[in-house]
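K.L.:
Got a file for you: model32.tsv, TSV, C-alpha atoms.
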chain	number	residue	atom	x	y	z
A	1	MET	CA	102.68	114.69	64.09
A	2	LYS	CA	99.98	115.20	66.70
A	3	LYS	CA	100.28	111.57	67.67
A	4	ILE	CA	104.02	111.91	68.19
A	5	THR	CA	103.67	114.93	70.49
A	6	GLN	CA	101.01	113.06	72.40
A	7	PHE	CA	103.30	110.07	72.80
A	8	ILE	CA	106.14	112.28	74.02
A	9	LYS	CA	103.84	114.03	76.48
A	10	LYS	CA	102.61	110.75	77.91
A	11	ASN	CA	106.02	109.07	77.98
A	12	LYS	CA	108.55	111.76	78.87
A	13	PHE	CA	110.91	109.36	80.58
A	14	LEU	CA	110.80	106.79	77.78
A	15	THR	CA	111.38	109.51	75.16
A	16	LEU	CA	114.46	110.68	77.04
A	17	ILE	CA	115.90	107.17	77.18
A	18	LEU	CA	115.15	106.65	73.46
A	19	LEU	CA	116.91	109.91	72.62
A	20	ILE	CA	119.98	108.87	74.59
A	21	TYR	CA	120.08	105.58	72.69
A	22	ILE	CA	119.73	107.33	69.31
A	23	ILE	CA	122.55	109.77	70.09
A	24	LEU	CA	124.65	106.88	71.38
A	25	PHE	CA	124.12	104.89	68.20
A	26	ILE	CA	125.42	107.82	66.18
A	27	LEU	CA	128.40	108.67	68.39
A	28	MET	CA	129.39	105.39	70.01
A	29	PRO	CA	127.63	102.47	68.32
A	30	ASN	CA	129.67	99.94	70.31
A	31	LYS	CA	128.47	101.31	73.64
A	32	ALA	CA	124.89	101.41	72.38
A	33	ILE	CA	124.99	97.74	71.44
A	34	THR	CA	126.56	96.81	74.80
A	35	SER	CA	123.79	98.75	76.57
A	36	LEU	CA	121.09	96.96	74.61
A	37	LYS	CA	122.70	93.62	75.39
A	38	ASN	CA	122.89	94.51	79.09
A	39	SER	CA	119.21	95.43	79.12
A	40	PHE	CA	118.15	92.33	77.27
A	41	TYR	CA	118.40	90.00	80.28
A	42	TYR	CA	116.15	92.28	82.37
A	43	VAL	CA	113.63	92.73	79.53
A	44	LYS	CA	113.42	88.96	79.15
A	45	GLU	CA	112.92	88.38	82.88
A	46	MET	CA	110.30	91.13	83.07
A	47	LEU	CA	108.36	89.69	80.13
A	48	MET	CA	108.26	86.33	81.87
A	49	ILE	CA	106.94	87.65	85.17
A	50	MET	CA	104.62	90.44	83.94
A	51	PRO	CA	101.71	88.27	82.73
A	52	VAL	CA	101.72	86.38	86.05
A	53	ILE	CA	101.64	89.61	88.03
A	54	LEU	CA	98.86	91.01	85.89
A	55	LEU	CA	96.83	87.83	86.23
A	56	LEU	CA	97.36	87.51	89.99
A	57	THR	CA	96.47	91.18	90.56
A	58	ALA	CA	93.25	90.64	88.61
A	59	LEU	CA	92.36	87.43	90.44
A	60	ILE	CA	93.01	89.03	93.83
A	61	THR	CA	90.79	91.97	92.85
A	62	ALA	CA	88.05	89.59	91.76
A	63	TRP	CA	88.05	87.10	94.62
A	64	VAL	CA	89.42	88.59	97.84
A	65	PRO	CA	86.34	89.76	99.81
A	66	LYS	CA	87.56	93.27	100.61
A	67	LYS	CA	84.17	94.47	101.88
A	68	ALA	CA	84.06	91.65	104.42
A	69	ILE	CA	87.60	92.48	105.59
A	70	GLU	CA	86.71	96.17	105.93
A	71	LYS	CA	83.83	95.30	108.26
A	72	ASN	CA	86.34	93.96	110.78
A	73	LEU	CA	88.25	97.21	111.16
A	74	GLY	CA	86.08	99.05	113.68
A	75	SER	CA	87.29	101.02	116.71
A	76	ASN	CA	87.17	98.12	119.17
A	77	SER	CA	88.58	95.54	116.81
A	78	GLY	CA	91.90	95.33	118.71
A	79	PHE	CA	94.60	93.02	117.45
A	80	LYS	CA	92.22	91.27	115.07
A	81	GLY	CA	91.60	94.64	113.41
A	82	SER	CA	95.33	95.12	112.89
A	83	ILE	CA	95.62	91.72	111.22
A	84	PHE	CA	92.70	92.56	108.94
A	85	SER	CA	94.29	95.94	108.05
A	86	PHE	CA	97.43	94.08	107.15
A	87	LEU	CA	95.51	91.62	104.95
A	88	LEU	CA	93.56	94.37	103.22
A	89	GLY	CA	96.78	96.23	102.40
A	90	SER	CA	98.50	93.08	101.14
A	91	PHE	CA	95.70	92.32	98.70
A	92	SER	CA	95.24	95.83	97.37
A	93	ALA	CA	96.20	97.22	93.98
A	94	GLY	CA	97.53	100.60	92.98
A	95	PRO	CA	99.99	103.15	94.37
A	96	ILE	CA	99.89	104.56	97.92
A	97	TYR	CA	97.90	107.68	97.05
A	98	ALA	CA	94.98	105.44	96.04
A	99	ALA	CA	94.98	104.26	99.66
A	100	PHE	CA	94.37	107.74	101.14
A	101	PRO	CA	90.65	108.04	100.32
A	102	VAL	CA	90.07	104.37	101.22
A	103	CYS	CA	91.72	104.87	104.62
A	104	LYS	CA	89.87	108.11	105.24
A	105	THR	CA	86.53	106.39	104.65
A	106	LEU	CA	87.51	103.56	107.00
A	107	PHE	CA	88.65	106.08	109.63
A	108	GLU	CA	85.28	107.81	109.45
A	109	LYS	CA	83.65	104.42	109.93
A	110	GLY	CA	85.62	103.93	113.16
A	111	ALA	CA	88.96	102.35	112.22
A	112	SER	CA	91.73	103.28	114.70
A	113	ILE	CA	94.81	105.40	113.94
A	114	SER	CA	97.14	102.43	114.30
A	115	ASN	CA	95.08	100.36	111.88
A	116	ILE	CA	95.12	103.21	109.35
A	117	VAL	CA	98.93	103.40	109.56
A	118	ILE	CA	99.19	99.63	109.19
A	119	LEU	CA	96.88	99.64	106.18
A	120	LEU	CA	98.66	102.58	104.48
A	121	SER	CA	102.12	101.10	104.99
A	122	THR	CA	101.16	97.58	103.98
A	123	TRP	CA	99.44	98.96	100.90
A	124	ALA	CA	102.66	100.76	100.03
A	125	VAL	CA	105.28	98.11	100.70
A	126	VAL	CA	104.13	94.52	100.98
A	127	LYS	CA	101.56	93.93	98.26
A	128	ILE	CA	101.58	90.36	96.91
A	129	PRO	CA	102.32	91.21	93.23
A	130	MET	CA	105.20	93.44	94.32
A	131	LEU	CA	106.64	90.68	96.49
A	132	LEU	CA	106.67	88.46	93.41
A	133	THR	CA	108.70	91.00	91.44
A	134	GLU	CA	111.11	91.43	94.34
A	135	PHE	CA	111.46	87.64	94.61
A	136	LYS	CA	112.27	87.47	90.91
A	137	PHE	CA	114.92	90.19	90.73
A	138	LEU	CA	116.48	90.11	94.19
A	139	GLY	CA	116.03	86.52	95.26
A	140	PRO	CA	113.90	84.69	97.83
A	141	LYS	CA	116.19	85.34	100.81
A	142	PHE	CA	116.21	89.08	100.22
A	143	MET	CA	112.44	89.23	99.71
A	144	ILE	CA	111.54	87.15	102.77
A	145	ALA	CA	113.96	88.96	105.08
A	146	ARG	CA	112.70	92.37	103.96
A	147	TRP	CA	109.08	91.21	104.24
A	148	ILE	CA	109.52	90.00	107.84
A	149	LEU	CA	111.42	93.12	108.96
A	150	THR	CA	108.97	95.45	107.22
A	151	THR	CA	105.97	93.67	108.73
A	152	ILE	CA	107.38	94.01	112.25
A	153	SER	CA	108.23	97.69	111.60
A	154	ILE	CA	104.74	98.41	110.29
A	155	PHE	CA	103.09	97.09	113.47
A	156	ILE	CA	105.49	99.08	115.68
A	157	MET	CA	104.86	102.21	113.58
A	158	GLY	CA	101.13	101.77	113.98
A	159	TYR	CA	101.54	101.57	117.75
A	160	ILE	CA	103.84	104.61	117.99
A	161	THR	CA	101.63	106.75	115.75
A	162	SER	CA	98.53	105.90	117.76
A	163	LYS	CA	100.33	107.13	120.90
A	164	LEU	CA	101.38	110.42	119.27
A	165	VAL	CA	98.37	111.25	117.11
A	166	LYS	CA	94.82	111.27	118.45
A	167	PRO	CA	91.72	110.92	116.28
A	168	LYS	CA	90.84	114.59	116.91
A	169	ASP	CA	94.10	115.63	115.16
A	170	LEU	CA	92.75	114.39	111.85
A	171	PRO	CA	90.75	116.86	109.76
A	172	LEU	CA	87.10	116.13	109.10
A	173	ASN	CA	85.80	116.17	105.59
A	174	ASP	CA	85.34	119.65	104.20
A	175	PRO	CA	81.81	120.75	105.17
A	176	GLN	CA	81.69	122.92	102.05
A	177	GLU	CA	81.34	119.76	100.04
A	178	ASN	CA	77.71	119.49	101.07
A	179	TYR	CA	76.86	122.71	99.27
A	180	LEU	CA	78.14	121.57	95.93
A	181	VAL	CA	75.41	121.43	93.34
A	182	GLU	CA	76.86	118.66	91.26
A	183	PRO	CA	75.34	115.31	92.16
A	184	LEU	CA	78.16	113.22	90.77
A	185	ARG	CA	81.68	113.91	92.00
A	186	ILE	CA	85.06	112.30	91.52
A	187	SER	CA	88.32	113.14	93.34
A	188	SER	CA	90.51	112.80	90.27
A	189	GLU	CA	93.77	113.46	92.13
A	190	TYR	CA	93.56	109.99	93.69
A	191	CYS	CA	92.59	108.21	90.46
A	192	ILE	CA	94.90	105.36	89.48
A	193	GLY	CA	93.60	105.36	85.92
A	194	CYS	CA	92.22	101.83	85.76
A	195	GLY	CA	89.36	103.00	83.54
A	196	ILE	CA	86.77	100.70	85.10
A	197	CYS	CA	84.21	103.52	85.65
A	198	SER	CA	84.34	104.68	82.04
A	199	GLU	CA	83.95	101.04	81.08
A	200	ILE	CA	80.85	100.50	83.25
A	201	ALA	CA	79.16	103.90	82.73
A	202	PRO	CA	80.68	105.52	79.60
A	203	LYS	CA	77.89	108.11	79.50
A	204	TYR	CA	79.07	109.64	82.77
A	205	PHE	CA	82.80	108.98	83.11
A	206	LYS	CA	85.65	109.55	80.70
A	207	MET	CA	89.40	109.06	80.98
A	208	GLU	CA	91.34	112.26	80.39
A	209	ASN	CA	95.12	112.31	80.82
A	210	LYS	CA	95.06	108.99	82.66
A	211	LYS	CA	92.51	110.33	85.18
A	212	ALA	CA	88.77	109.72	85.33
A	213	THR	CA	86.46	112.73	85.03
A	214	VAL	CA	82.71	113.23	85.15
A	215	ILE	CA	81.32	114.30	81.77
A	216	ASN	CA	77.61	114.32	82.43
A	217	GLN	CA	75.66	115.56	85.46
A	218	ASN	CA	72.17	114.80	84.12
A	219	ILE	CA	71.55	111.50	85.77
A	220	TYR	CA	68.82	109.30	84.39
A	221	GLN	CA	67.03	106.85	86.62
A	222	LYS	CA	67.80	103.96	84.29
A	223	ASP	CA	71.54	104.62	84.54
A	224	LEU	CA	71.61	104.64	88.35
A	225	LYS	CA	72.45	100.97	88.54
A	226	ALA	CA	75.52	101.37	86.33
A	227	ILE	CA	76.68	104.43	88.28
A	228	CYS	CA	76.33	102.61	91.59
A	229	LYS	CA	78.30	99.70	90.18
A	230	ALA	CA	81.07	102.07	89.08
A	231	ILE	CA	81.14	103.57	92.60
A	232	GLU	CA	81.40	100.13	94.14
A	233	LYS	CA	84.10	98.89	91.75
A	234	CYS	CA	86.37	101.94	92.00
A	235	PRO	CA	89.61	100.66	93.61
A	236	SER	CA	90.34	103.96	95.36
A	237	GLN	CA	86.70	104.65	96.25
A	238	ILE	CA	86.69	108.23	94.98
A	239	ILE	CA	83.31	108.49	93.23
A	240	GLN	CA	80.45	110.05	95.16
A	241	LEU	CA	76.79	110.46	94.27
A	242	HIS	CA	74.60	112.99	96.09
A	243	LYS	CA	70.92	112.66	95.40
B	1	MET	CA	112.51	79.85	82.81
B	2	ASP	CA	113.61	79.25	86.37
B	3	ILE	CA	111.69	77.03	88.75
B	4	PHE	CA	110.16	79.89	90.79
B	5	THR	CA	108.74	81.70	87.79
B	6	LEU	CA	107.33	78.42	86.55
B	7	PHE	CA	105.77	77.83	89.96
B	8	PHE	CA	104.03	81.22	89.90
B	9	TRP	CA	102.84	80.63	86.34
B	10	ILE	CA	101.26	77.34	87.44
B	11	ILE	CA	99.54	78.90	90.48
B	12	ALA	CA	98.24	81.83	88.45
B	13	PHE	CA	97.04	79.54	85.68
B	14	ILE	CA	95.21	77.11	87.99
B	15	TRP	CA	93.55	79.98	89.85
B	16	PHE	CA	92.62	81.56	86.51
B	17	VAL	CA	90.92	78.37	85.28
B	18	ILE	CA	88.97	77.96	88.55
B	19	SER	CA	88.02	81.64	88.40
B	20	ILE	CA	86.67	81.31	84.85
B	21	MET	CA	84.65	78.25	85.78
B	22	LYS	CA	83.13	80.07	88.73
B	23	ASP	CA	82.40	83.43	87.11
B	24	LYS	CA	83.59	84.25	83.62
B	25	LYS	CA	82.41	87.83	83.52
B	26	LYS	CA	83.85	88.75	86.91
B	27	THR	CA	87.21	87.30	85.89
B	28	PHE	CA	87.46	89.21	82.63
B	29	ASP	CA	86.23	92.45	84.21
B	30	ALA	CA	89.03	92.21	86.77
B	31	ILE	CA	91.63	91.47	84.09
B	32	LYS	CA	90.46	94.48	82.09
B	33	MET	CA	90.83	96.65	85.17
B	34	SER	CA	94.37	95.49	86.00
B	35	SER	CA	95.49	95.85	82.40
B	36	GLY	CA	94.06	99.38	82.43
B	37	THR	CA	96.31	100.27	85.36
B	38	MET	CA	99.26	98.39	83.90
B	39	LYS	CA	98.95	100.18	80.54
B	40	HIS	CA	99.84	103.47	82.21
B	41	ILE	CA	103.14	102.23	83.57
B	42	VAL	CA	104.29	100.19	80.56
B	43	GLY	CA	106.22	103.19	79.17
B	44	GLU	CA	108.01	103.62	82.48
B	45	ILE	CA	108.81	99.91	82.74
B	46	ILE	CA	110.40	99.85	79.27
B	47	ALA	CA	112.30	103.05	80.00
B	48	ILE	CA	113.74	101.68	83.27
B	49	LEU	CA	114.74	98.38	81.67
B	50	PHE	CA	116.73	100.18	78.98
B	51	LEU	CA	118.14	102.61	81.53
B	52	ILE	CA	119.58	99.60	83.34
B	53	GLY	CA	121.54	98.76	80.18
B	54	LEU	CA	122.97	102.27	80.08
B	55	ILE	CA	123.89	102.22	83.76
B	56	LEU	CA	125.65	98.87	83.49
B	57	THR	CA	127.57	100.05	80.44
B	58	PHE	CA	128.66	103.46	81.65
B	59	LEU	CA	129.00	102.75	85.36
B	60	PRO	CA	131.39	99.81	85.50
B	61	PRO	CA	131.07	97.49	88.52
B	62	GLU	CA	134.26	98.96	90.03
B	63	ILE	CA	132.63	102.38	90.31
B	64	ILE	CA	129.35	100.98	91.67
B	65	LYS	CA	131.34	98.95	94.20
B	66	GLN	CA	133.38	101.97	95.18
B	67	TYR	CA	130.37	104.20	95.84
B	68	ALA	CA	127.71	101.78	97.00
B	69	GLY	CA	129.68	98.67	97.83
B	70	GLN	CA	130.40	99.09	101.53
B	71	SER	CA	127.63	97.76	103.73
B	72	ASN	CA	128.79	99.85	106.68
B	73	SER	CA	128.49	103.22	105.00
B	74	ILE	CA	125.69	105.00	106.79
B	75	ILE	CA	126.03	108.10	104.59
B	76	THR	CA	125.51	106.18	101.34
B	77	THR	CA	122.50	104.50	102.94
B	78	ILE	CA	120.96	107.82	103.96
B	79	ILE	CA	121.57	109.30	100.50
B	80	PHE	CA	119.86	106.31	98.85
B	81	ALA	CA	116.98	106.62	101.34
B	82	ILE	CA	116.54	110.30	100.45
B	83	VAL	CA	116.61	109.48	96.73
B	84	GLY	CA	113.86	106.93	97.45
B	85	CYS	CA	111.72	109.60	99.15
B	86	ILE	CA	111.74	111.96	96.20
B	87	THR	CA	111.72	109.47	93.32
B	88	LEU	CA	108.44	108.97	91.53
B	89	ILE	CA	108.60	105.57	89.87
B	90	PRO	CA	106.26	102.66	90.58
B	91	ALA	CA	107.95	100.35	93.10
B	92	PHE	CA	107.25	97.47	90.82
B	93	VAL	CA	109.64	98.99	88.25
B	94	ALA	CA	112.29	99.65	90.87
B	95	PHE	CA	113.00	95.97	91.57
B	96	PRO	CA	114.80	95.20	88.27
B	97	LEU	CA	116.84	98.40	88.73
B	98	ALA	CA	117.72	97.43	92.31
B	99	GLY	CA	118.52	93.90	91.18
B	100	SER	CA	120.89	95.11	88.47
B	101	LEU	CA	122.77	97.32	90.95
B	102	VAL	CA	123.14	94.45	93.42
B	103	ASP	CA	124.34	92.15	90.63
B	104	ALA	CA	126.90	94.78	89.70
B	105	GLY	CA	128.31	94.79	93.22
B	106	ALA	CA	126.30	97.35	95.18
B	107	SER	CA	125.76	96.52	98.85
B	108	ILE	CA	122.20	95.58	99.72
B	109	VAL	CA	122.01	98.06	102.63
B	110	PRO	CA	121.57	101.26	100.56
B	111	ILE	CA	119.39	99.35	98.07
B	112	VAL	CA	116.98	98.20	100.81
B	113	ALA	CA	116.83	101.74	102.19
B	114	PHE	CA	115.98	103.04	98.71
B	115	LEU	CA	113.29	100.42	98.04
B	116	THR	CA	111.62	100.94	101.41
B	117	THR	CA	111.51	104.75	101.35
B	118	LEU	CA	110.47	104.69	97.69
B	119	THR	CA	107.21	103.03	98.65
B	120	MET	CA	106.56	104.16	102.22
B	121	VAL	CA	107.72	107.79	102.26
B	122	GLY	CA	106.07	110.20	99.85
B	123	ILE	CA	107.37	113.74	99.49
B	124	VAL	CA	105.43	114.15	96.25
B	125	THR	CA	102.21	112.79	97.72
B	126	PHE	CA	102.67	114.76	100.95
B	127	PRO	CA	100.01	117.41	100.07
B	128	LEU	CA	97.43	114.72	99.29
B	129	GLU	CA	98.14	112.85	102.51
B	130	LYS	CA	98.02	116.09	104.50
B	131	LYS	CA	94.64	116.96	103.03
B	132	GLU	CA	93.12	113.68	104.19
B	133	PHE	CA	94.91	113.09	107.50
B	134	GLY	CA	96.31	116.43	108.66
B	135	THR	CA	99.87	117.72	109.04
B	136	LYS	CA	100.69	116.01	112.33
B	137	PHE	CA	99.73	112.53	111.18
B	138	THR	CA	101.50	112.93	107.85
B	139	ILE	CA	104.77	114.21	109.31
B	140	ILE	CA	104.86	111.51	112.00
B	141	ARG	CA	104.00	108.67	109.61
B	142	ASN	CA	106.56	109.73	106.99
B	143	SER	CA	109.34	110.37	109.54
B	144	LEU	CA	108.76	107.02	111.24
B	145	SER	CA	108.80	105.32	107.83
B	146	PHE	CA	112.13	106.96	107.02
B	147	ILE	CA	113.69	105.90	110.33
B	148	PHE	CA	112.40	102.35	110.00
B	149	ALA	CA	113.59	102.15	106.36
B	150	ILE	CA	117.16	102.87	107.54
B	151	THR	CA	116.78	100.41	110.44
B	152	ILE	CA	115.47	97.64	108.17
B	153	ALA	CA	118.32	98.30	105.74
B	154	LEU	CA	121.00	98.08	108.47
B	155	ILE	CA	119.54	94.86	109.91
B	156	MET	CA	119.36	93.33	106.42
B	157	GLY	CA	123.05	94.12	106.01
B	158	VAL	CA	123.84	92.16	109.16
B	159	ILE	CA	121.70	89.08	108.53
B	160	LEU	CA	122.24	88.58	104.79
What's the structure tokens form of this structure?

P.N.:
Amino acid sequence: MKKITQFIKKNKFLTLILLIYIILFILMPNKAITSLKNSFYYVKEMLMIMPVILLLTALITAWVPKKAIEKNLGSNSGFKGSIFSFLLGSFSAGPIYAAFPVCKTLFEKGASISNIVILLSTWAVVKIPMLLTEFKFLGPKFMIARWILTTISIFIMGYITSKLVKPKDLPLNDPQENYLVEPLRISSEYCIGCGICSEIAPKYFKMENKKATVINQNIYQKDLKAICKAIEKCPSQIIQLHK
Amino acid sequence: MDIFTLFFWIIAFIWFVISIMKDKKKTFDAIKMSSGTMKHIVGEIIAILFLIGLILTFLPPEIIKQYAGQSNSIITTIIFAIVGCITLIPAFVAFPLAGSLVDAGASIVPIVAFLTTLTMVGIVTFPLEKKEFGTKFTIIRNSLSFIFAITIALIMGVIL
């Protein structure tokens, strides 16, 4: 019973759809069968493209040198910096909110406002695995046309925003943070739930409700290497260690 | 399997083999990480796919065409764009839904507006964005994204 409530809690949307189907099967079995048949084509197509997307996302994460790209985003990077922002966004993984802490860190390291807008928007709209899905379900012409138009829009948006918003308009990191006593911190609200930190350092991180949390603040010297690796691997860069 | 899917399978497979030869551990670590993220949205993906079946059964193409079929309807486009702003589904799941509506006769203009605002404009993530970048930046970025989403949609309607 506990397992069922847990499933429902984690999959509210799916439970709702299942319920509709069950009621439909009782009241209008014909309609239910038609609905299943209508879905079947999309399920089949999704199953064929999902493994490719998963694999490509993994390979991009493993081999695209994100750190090297980030180094080219400084304040005087000019047009080259914009291109690199665009590349970094295209090869990222995870939803847009995972991009916020990454962009904030880059901004503090000197990335310009326009490059931040370009990176955020690219991250949101034109990621490679998403383009593949769009290609599959809406066709190559649709995908390419939307990609070109979106790319142009993103660069214009970056330019306009940099004219309207100045770096001093952006808040600095909360100075209160420095007084916190906990050495290990994680901004769980940006966590995309990949679970890599709990995999690398299970003594310190645990997944709770799809979000990573710190479970142990007593840091041993011998574990430092694992913790640092978890910090480095985190796709939204939200783990911090204060010594 | 159509030729494009096959093409992507081949590319992914070749890259995968090269990746394993170069660094086995790195490859499998990355796969574990992506499947971790994917696991969380599997429920939503299945739900959307079966929702498509319901939509296609209970909203016959005539009705979809009537309400979302005209490419010149700016009001429909704006409504779809607003729905995109407040909806909270991974974009990746939205493509089959969008595809099914287009197949059923919906015009691409509102669909493009929906897809673009879905990913670029975030009402739900507004507080998080504000916390990191301030109110001014967040309002300007989201408003510009909304305007450009409509513009992209209208241009797509003309060229496709």

K.L.:
Write out as a count of residues only which residues come within 10 Å of Gln70 of chain B when counting only C-alpha atoms, dropping same-chain ones fewer than 2 positions away.

P.N.:
16

K.L.:
If we count all atoms listed in the file and set the cut-off at 7 Å, which residues sit around segment 24-28 of chain B, ignoring sequence neighbours fewer than 5 positions away in its own chain? Please answer as a list in words.

P.N.:
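Contacts, in chain order: Leu59 and Ala62 of chain A; Ser19 of chain B.
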
K.L.:
Write out as a Markdown table a residue-level contact list of chain B versus chain A with cut-off 7 Å: for each qualifying residue the closest pair of atoms and the distance in Å to one decimal, counting only C-alpha atoms, rows sorted by chain and residue number upward.

P.N.:
| residue | atom | partner | partner_atom | distance |
| --- | --- | --- | --- | --- |
| B:Thr5 | CA | A:Ile49 | CA | 6.7 |
| B:Phe8 | CA | A:Val52 | CA | 6.8 |
| B:Trp9 | CA | A:Val52 | CA | 5.9 |
| B:Ala12 | CA | A:Leu56 | CA | 6.0 |
| B:Lys26 | CA | A:Ala62 | CA | 6.5 |
| B:Thr27 | CA | A:Ala62 | CA | 6.4 |
| B:Ala30 | CA | A:Ala58 | CA | 4.9 |
| B:Ile31 | CA | A:Ala58 | CA | 4.9 |
| B:Met33 | CA | A:Cys194 | CA | 5.4 |
| B:Ser34 | CA | A:Ala58 | CA | 5.6 |
| B:Ser35 | CA | A:Leu54 | CA | 6.9 |
| B:Gly36 | CA | A:Cys194 | CA | 4.5 |
| B:Thr37 | CA | A:Cys194 | CA | 4.4 |
| B:Gly43 | CA | A:Leu14 | CA | 6.0 |
| B:Glu44 | CA | A:Leu14 | CA | 6.3 |
| B:Ala47 | CA | A:Leu14 | CA | 4.6 |
| B:Leu49 | CA | A:Ser39 | CA | 5.9 |
| B:Phe50 | CA | A:Ser39 | CA | 5.4 |
| B:Leu51 | CA | A:Ile17 | CA | 6.7 |
| B:Ile52 | CA | A:Ser39 | CA | 5.9 |
| B:Gly53 | CA | A:Ser39 | CA | 4.2 |
| B:Leu54 | CA | A:Ser35 | CA | 5.0 |
| B:Leu56 | CA | A:Asn38 | CA | 6.8 |
| B:Thr57 | CA | A:Ser35 | CA | 5.6 |
| B:Phe92 | CA | A:Met130 | CA | 5.7 |
| B:Phe95 | CA | A:Glu134 | CA | 5.6 |
| B:Pro96 | CA | A:Phe137 | CA | 5.6 |
| B:Gly99 | CA | A:Phe137 | CA | 5.2 |
| B:Thr116 | CA | A:Val125 | CA | 7.0 |
| B:Thr119 | CA | A:Ala124 | CA | 5.3 |
| B:Met120 | CA | A:Ala124 | CA | 5.6 |
| B:Thr125 | CA | A:Tyr97 | CA | 6.7 |
| B:Glu129 | CA | A:Phe100 | CA | 6.5 |
| B:Glu132 | CA | A:Lys104 | CA | 6.5 |
| B:Phe133 | CA | A:Leu170 | CA | 5.0 |
| B:Gly134 | CA | A:Leu170 | CA | 5.2 |
| B:Phe137 | CA | A:Val165 | CA | 6.2 |
| B:Ile140 | CA | A:Thr161 | CA | 6.9 |
| B:Arg141 | CA | A:Thr161 | CA | 6.9 |
| B:Leu144 | CA | A:Met157 | CA | 6.6 |
| B:Phe148 | CA | A:Ser153 | CA | 6.5 |
| B:Ile152 | CA | A:Leu149 | CA | 6.1 |

K.L.:
Please measure the separation of atom CA of Ser85 of chain A and atom CA of Leu119 of chain A, giving the value in Å to one decimal.

P.N.:
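Interatomic distance, atom CA of Ser85 of chain A to atom CA of Leu119 of chain A: 4.9 Å.
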
K.L.:
Record the distance separating atom CA of Phe80 of chain B and atom CA of Leu88 of chain A, expressed in Å with one decimal.

P.N.:
29.2 Å

K.L.:
Can you tell me how far atom CA of Thr5 of chain A sits from atom CA of Ala94 of chain B, in Å to one decimal?

P.N.:
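Rounded to one decimal, the two atoms are 26.9 Å apart.
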